[in-house]
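Peer 1: Sharing query.txt below, compact mmCIF, C-alpha atoms:
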```txt
# COMPACT_ATOMS: atom_id res chain seq x y z
CA MET A 1 -10.88 -41.70 26.38
CA LYS A 2 -13.44 -38.93 26.57
CA THR A 3 -11.59 -37.37 29.53
CA ILE A 4 -8.27 -37.35 27.64
CA LYS A 5 -10.00 -35.75 24.66
CA ASN A 6 -11.42 -33.03 26.93
CA ILE A 7 -8.02 -32.39 28.52
CA ILE A 8 -6.36 -32.02 25.10
CA ALA A 9 -9.12 -29.71 23.86
CA THR A 10 -8.85 -27.56 27.00
CA ALA A 11 -5.03 -27.41 26.70
CA VAL A 12 -5.24 -26.33 23.05
CA PHE A 13 -7.84 -23.70 23.89
CA LEU A 14 -5.81 -22.32 26.83
CA SER A 15 -2.63 -22.24 24.67
CA PHE A 16 -4.49 -20.26 22.05
CA ILE A 17 -5.72 -17.75 24.66
CA LEU A 18 -2.24 -17.47 26.26
CA PHE A 19 -0.51 -16.97 22.89
CA SER A 20 -3.06 -14.32 21.91
CA VAL A 21 -2.55 -12.45 25.19
CA LEU A 22 1.26 -12.65 24.92
CA GLY A 23 1.10 -11.56 21.29
CA LEU A 24 -1.11 -8.59 22.08
CA ALA A 25 1.14 -7.66 25.00
CA GLY A 26 4.13 -7.72 22.66
CA ILE A 27 5.89 -10.40 24.71
CA VAL A 28 5.73 -12.90 21.87
CA ALA A 29 6.42 -11.50 18.39
CA LEU A 30 3.72 -12.45 15.95
CA PRO A 31 4.72 -12.77 12.27
CA GLY A 32 5.65 -9.27 11.20
CA PHE A 33 2.59 -7.27 10.39
CA VAL A 34 3.89 -4.20 12.21
CA LEU A 35 7.54 -3.44 12.72
CA ALA A 36 9.07 -0.41 14.39
CA GLU A 37 12.55 1.10 14.51
CA ASP A 38 13.68 4.02 16.67
CA ILE A 39 16.13 6.79 15.82
CA SER A 40 17.60 8.83 18.66
CA VAL A 41 18.12 12.45 17.57
CA THR A 42 20.58 14.65 19.43
CA ALA A 43 21.85 18.18 18.82
CA MET A 44 24.01 20.59 20.77
CA VAL A 45 23.55 24.28 21.42
CA LYS A 46 26.66 25.87 22.94
CA ASN A 47 26.18 29.51 23.59
CA GLY A 48 29.55 31.02 24.43
CA MET B 1 -57.45 -68.58 -12.24
CA ALA B 2 -57.81 -66.69 -15.51
CA ASN B 3 -60.76 -64.92 -14.02
CA THR B 4 -58.80 -63.99 -10.94
CA ILE B 5 -55.98 -62.45 -13.05
CA LYS B 6 -58.50 -60.60 -15.15
CA GLN B 7 -60.14 -59.37 -11.98
CA TYR B 8 -56.94 -57.87 -10.53
CA LYS B 9 -55.40 -56.83 -13.89
CA SER B 10 -56.46 -53.22 -13.65
CA THR B 11 -55.43 -53.05 -9.99
CA ILE B 12 -51.94 -54.41 -10.84
CA PHE B 13 -51.52 -51.93 -13.71
CA ALA B 14 -52.71 -49.05 -11.53
CA GLY B 15 -50.29 -50.07 -8.77
CA ALA B 16 -47.39 -50.34 -11.20
CA GLY B 17 -48.27 -46.95 -12.69
CA LEU B 18 -48.45 -45.25 -9.29
CA PHE B 19 -45.14 -46.84 -8.26
CA SER B 20 -43.49 -45.56 -11.45
CA VAL B 21 -44.78 -42.05 -10.86
CA LEU B 22 -43.73 -42.11 -7.19
CA PHE B 23 -40.24 -43.43 -8.02
CA THR B 24 -39.75 -40.81 -10.74
CA VAL B 25 -40.76 -38.01 -8.35
CA LEU B 26 -38.38 -39.30 -5.64
CA VAL B 27 -35.49 -39.55 -8.14
CA LEU B 28 -36.13 -36.06 -9.50
CA ALA B 29 -36.35 -34.68 -5.96
CA GLY B 30 -32.99 -36.25 -5.18
CA ILE B 31 -34.41 -38.31 -2.34
CA VAL B 32 -33.61 -41.52 -4.17
CA SER B 33 -30.43 -41.63 -6.22
CA LEU B 34 -29.86 -43.80 -9.22
CA PRO B 35 -26.72 -45.95 -9.37
CA ASN B 36 -23.72 -44.22 -10.88
CA PHE B 37 -23.61 -45.98 -14.22
CA VAL B 38 -21.30 -43.51 -15.95
CA SER B 39 -18.42 -42.46 -13.69
CA ALA B 40 -17.19 -39.66 -15.99
CA ALA B 41 -20.47 -37.85 -15.54
CA ASN B 42 -20.09 -37.80 -11.76
CA PRO B 43 -16.32 -37.45 -11.04
CA GLU B 44 -14.73 -37.43 -7.60
CA THR B 45 -12.71 -34.34 -6.60
CA VAL B 46 -9.69 -33.63 -4.35
CA ASN B 47 -9.51 -30.17 -2.83
CA VAL B 48 -5.90 -28.97 -2.54
CA THR B 49 -5.05 -26.01 -0.26
CA ALA B 50 -1.83 -24.28 0.81
CA THR B 51 -1.07 -21.10 2.77
CA ILE B 52 1.45 -18.28 2.36
CA SER B 53 1.62 -16.08 5.45
CA GLU B 54 2.12 -12.34 5.27
CA TRP B 55 5.53 -11.02 6.37
CA LEU B 56 7.11 -7.60 6.66
CA SER B 57 10.67 -6.38 7.12
CA LEU B 58 12.01 -2.97 8.18
CA ALA B 59 15.59 -2.01 8.97
CA LEU B 60 17.63 1.16 9.43
CA THR B 61 21.31 1.53 8.67
CA THR B 62 21.71 3.55 11.86
CA ASN B 63 19.50 4.20 14.86
CA THR B 64 21.16 7.46 15.84
CA ALA B 65 21.01 10.89 14.24
CA ASN B 66 23.62 13.23 15.66
CA LEU B 67 22.92 16.72 14.33
CA GLY B 68 26.07 18.16 15.90
CA GLU B 69 26.42 21.73 17.13
CA LEU B 70 23.56 23.93 15.96
CA VAL B 71 25.17 26.85 17.80
CA SER B 72 28.88 26.63 18.55
CA SER B 73 30.66 28.11 21.56
CA ALA B 74 31.69 30.93 19.23
CA GLY B 75 28.02 31.57 18.47
CA VAL B 76 28.32 30.24 14.93
CA LEU B 77 25.07 28.84 13.53
CA THR B 78 24.86 25.57 11.58
CA VAL B 79 22.03 23.58 10.06
CA GLY B 80 22.47 20.15 11.64
CA SER B 81 21.84 17.16 9.38
CA ALA B 82 22.01 13.38 9.74
CA THR B 83 20.83 10.53 7.54
CA SER B 84 19.78 6.93 7.95
CA GLY B 85 19.09 4.38 5.24
CA ILE B 86 15.73 2.60 5.32
CA THR B 87 15.22 -0.90 3.92
CA ALA B 88 11.71 -2.33 3.67
CA SER B 89 10.12 -5.35 2.05
CA SER B 90 6.97 -7.45 2.33
CA ASN B 91 4.88 -9.98 0.46
CA SER B 92 1.67 -8.14 1.44
CA SER B 93 -0.67 -8.32 -1.55
CA ASP B 94 -1.91 -4.80 -0.86
CA GLY B 95 1.55 -3.35 -0.20
CA TYR B 96 2.75 -1.56 2.92
CA SER B 97 3.59 1.85 4.33
CA VAL B 98 6.15 3.33 6.72
CA THR B 99 4.99 5.93 9.22
CA ILE B 100 7.00 8.31 11.40
CA ILE B 101 6.23 9.83 14.78
CA GLY B 102 8.28 11.97 17.17
CA THR B 103 8.24 11.21 20.87
CA ASN B 104 8.67 14.80 22.05
CA GLY B 105 7.03 16.69 19.21
CA GLY B 106 10.29 18.65 18.96
CA LEU B 107 13.86 18.60 20.26
CA ASN B 108 13.77 18.98 24.02
CA GLY B 109 16.66 20.89 25.63
CA SER B 110 18.47 19.55 28.68
CA ASN B 111 18.38 23.02 30.24
CA GLY B 112 14.86 23.82 29.13
CA GLY B 113 13.55 25.18 25.89
CA SER B 114 12.96 23.26 22.71
CA ILE B 115 13.56 23.33 18.99
CA VAL B 116 10.10 23.03 17.58
CA THR B 117 8.75 21.02 14.68
CA PRO B 118 5.70 22.29 12.81
CA ALA B 119 2.20 20.84 13.12
CA THR B 120 1.36 17.54 11.42
CA GLY B 121 1.46 17.78 7.63
CA VAL B 122 3.33 21.09 7.57
CA THR B 123 6.88 21.92 6.49
CA THR B 124 9.39 24.35 7.95
CA THR B 125 12.73 25.69 6.74
CA CYS B 126 15.94 25.36 8.70
CA SER B 127 18.02 28.50 8.40
CA THR B 128 21.11 30.16 9.82
CA SER B 129 20.40 33.60 8.44
CA THR B 130 20.42 36.57 10.83
CA ASP B 131 19.97 35.03 14.30
CA GLY B 132 18.95 31.60 12.94
CA THR B 133 15.61 29.82 12.86
CA ASN B 134 14.33 27.46 15.52
CA ALA B 135 13.26 24.58 13.26
CA TYR B 136 13.32 20.78 13.23
CA GLY B 137 11.96 18.03 10.97
CA ALA B 138 12.71 15.32 8.42
CA GLN B 139 12.66 14.64 4.71
CA ALA B 140 12.86 11.42 2.72
CA THR B 141 14.04 10.42 -0.74
CA SER B 142 13.58 7.16 -2.57
CA ALA B 143 13.79 5.80 -6.09
CA THR B 144 11.56 2.83 -5.32
CA LEU B 145 9.14 3.90 -2.56
CA ALA B 146 6.52 6.63 -2.83
CA VAL B 147 7.34 9.54 -0.50
CA SER B 148 4.32 11.28 1.05
CA SER B 149 3.87 14.93 1.88
CA PRO B 150 5.24 16.71 3.90
CA PHE B 151 8.43 14.63 3.63
CA ASN B 152 8.84 14.92 -0.16
CA VAL B 153 10.91 18.08 0.17
CA SER B 154 14.58 18.95 -0.30
CA GLY B 155 17.26 21.43 0.71
CA ASN B 156 16.72 22.82 4.17
CA VAL B 157 12.94 22.35 4.02
CA VAL B 158 11.72 19.57 6.32
CA GLY B 159 8.39 18.00 7.20
CA SER B 160 6.84 17.81 10.62
CA VAL B 161 7.91 15.08 13.02
CA ALA B 162 5.15 15.88 15.46
CA SER B 163 3.85 13.43 18.03
CA SER B 164 1.08 12.27 15.70
CA SER B 165 1.85 9.43 13.31
CA GLN B 166 2.24 10.41 9.65
CA LYS B 167 2.70 8.24 6.57
CA MET B 168 6.13 8.87 5.09
CA LEU B 169 6.72 6.02 2.60
CA SER B 170 4.51 3.51 0.83
CA SER B 171 4.64 0.70 -1.68
CA THR B 172 2.20 -1.40 -3.63
CA TYR B 173 2.76 -5.16 -3.81
CA ALA B 174 6.39 -5.72 -4.80
CA THR B 175 8.77 -8.63 -5.16
CA THR B 176 11.88 -6.65 -4.32
CA THR B 177 13.43 -5.01 -1.28
CA LYS B 178 13.00 -1.25 -1.42
CA THR B 179 15.18 1.46 0.04
CA ALA B 180 14.88 5.10 1.05
CA THR B 181 16.98 7.69 2.82
CA LEU B 182 15.71 9.57 5.84
CA THR B 183 17.34 12.92 6.53
CA VAL B 184 16.78 14.69 9.85
CA LYS B 185 17.59 18.41 10.03
CA ALA B 186 17.43 21.16 12.62
CA SER B 187 18.60 24.71 13.14
CA ALA B 188 18.49 26.93 16.20
CA ASN B 189 18.10 30.56 17.04
CA LYS B 190 21.36 31.81 18.55
CA TYR B 191 19.51 32.76 21.73
CA ASP B 192 18.13 29.25 22.29
CA GLN B 193 19.29 27.98 25.67
CA ASN B 194 22.51 26.04 25.59
CA GLY B 195 22.39 22.31 26.25
CA THR B 196 21.80 18.97 24.58
CA TYR B 197 18.60 18.65 22.61
CA THR B 198 17.05 15.23 22.10
CA ASP B 199 14.11 13.45 20.52
CA THR B 200 13.29 9.90 19.46
CA LEU B 201 11.72 9.23 16.10
CA THR B 202 9.87 5.95 15.59
CA LEU B 203 9.45 4.51 12.13
CA THR B 204 6.78 1.84 11.80
CA ALA B 205 6.12 -0.42 8.83
CA VAL B 206 2.54 -1.58 8.46
CA ALA B 207 1.09 -3.94 5.87
CA THR B 208 -1.80 -2.32 4.00
CA PRO B 209 -4.98 -3.95 5.28
```
Can I see the file as structure tokens?

Peer 2:
Amino acid sequence: MKTIKNIIATAVFLSFILFSVLGLAGIVALPGFVLAEDISVTAMVKNG
Amino acid sequence: MANTIKQYKSTIFAGAGLFSVLFTVLVLAGIVSLPNFVSAANPETVNVTATISEWLSLALTTNTANLGELVSSAGVLTVGSATSGITASSNSSDGYSVTIIGTNGGLNGSNGGSIVTPATGVTTTCSTSTDGTNAYGAQATSATLAVSSPFNVSGNVVGSVASSSQKMLSSTYATTTKTATLTVKASANKYDQNGTYTDTLTLTAVATP
């Protein structure tokens, strides 16, 4: 019983660490505190 | 027997007195608790909790800004302009802001050269007069969001889109979706090298900490 408890506790702890790392790395999107959008700007200069 | 009781009478009274004093002290110190005779005076409580997480939303109506030909093949100068609608909302109790940053710190030409944007916090004016002005930047308008300097300008005046992040829009706590319009403008000097000029602007919404 104690061993199972330890395994569950370790799994929860490791999941927390993994999720934190993935979240910080931007692989997993955390609930939107920061959102970004890009705009590509283009212009032409045609000197005859 | 009567003599025996008489003999220990004072001892019994003293013992009872000391016990009373000791018991009173223990009760007052909270070490010994009295039975709960009146339930209303010592009610039981239930702590109720719930959570509302913070969320934020940002969207653009278009992710491209094509400024067209700043200098045509006939050498005609034009102030290029393009707009994109911004929609933002959040339940952040302290509100939120939208920042802008340019990747190149100007429009980079495919054949070299660049159309420059002024330093952070500064405005510039796009112009076609005489040989034209090498200028690039953005302005914003909104009826619901506060527009920060240097983007609170109009006409052909634009604020810097340098490669340092600048606050462009902000809101206090609000229960509605808010909108703004971003306008990107540029003009060139007629002797700027021909080619395609590009930059990427990044708008970021951040909940106020």

Peer 1: Pick out the chain B residues within 8 Å of chain A. Count only C-alpha atoms. Give them as a ChimeraX atom specification.

Peer 2: /B:54-60,62-75,80,107,188,190-207

Peer 1: Could you please determine the separation between atom CA of Thr117 of chain B and atom CA of Gly95 of chain B in Å, to one decimal place?

Peer 2: 29.4 Å

Peer 1: Just checking: using all atoms listed in the file, which residue out of B:Thr176, B:Ser165, B:Ser97, B:Val122 ends up closest to Val153 of chain B?

Peer 2: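 Smallest separation from Val153 of chain B among the options: B:Val122.
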
Peer 1: Could you check how far atom CA of Asn156 of chain B sits from atom CA of Leu169 of chain B, in Å to one decimal?

Peer 2: 19.6 Å

Peer 1: Quick one: pull the distance between atom CA of Thr175 of chain B and atom CA of Thr83 of chain B, Å, one decimal.

Peer 2: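 Between atom CA of Thr175 of chain B and atom CA of Thr83 of chain B the gap is 26.0 Å.
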
Peer 1: Which one of B:Val48, B:Cys126, B:Leu22, B:Ala88 sits closest to Ser154 of chain B if you count only C-alpha atoms?

Peer 2: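 Among the listed residues, B:Cys126 lies closest to Ser154 of chain B.
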
Peer 1: Tell me which protein, DNA and RNA residues are within 6 Å of Ser163 of chain B, counting all atoms listed in the file, leaving out same-chain ones fewer than 2 positions away, and put them as an mmCIF file with C-alpha atoms, keeping the file's coordinate frame.

Peer 2:
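Below is the file that was written, selection11.cif:
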```cif
data_model
loop_
_atom_site.group_PDB
_atom_site.id
_atom_site.type_symbol
_atom_site.label_atom_id
_atom_site.label_comp_id
_atom_site.auth_asym_id
_atom_site.auth_seq_id
_atom_site.Cartn_x
_atom_site.Cartn_y
_atom_site.Cartn_z
ATOM 1 C CA ILE B 101 6.230 9.830 14.780
ATOM 2 C CA GLY B 102 8.280 11.970 17.170
ATOM 3 C CA THR B 103 8.240 11.210 20.870
ATOM 4 C CA GLY B 105 7.030 16.690 19.210
#
```
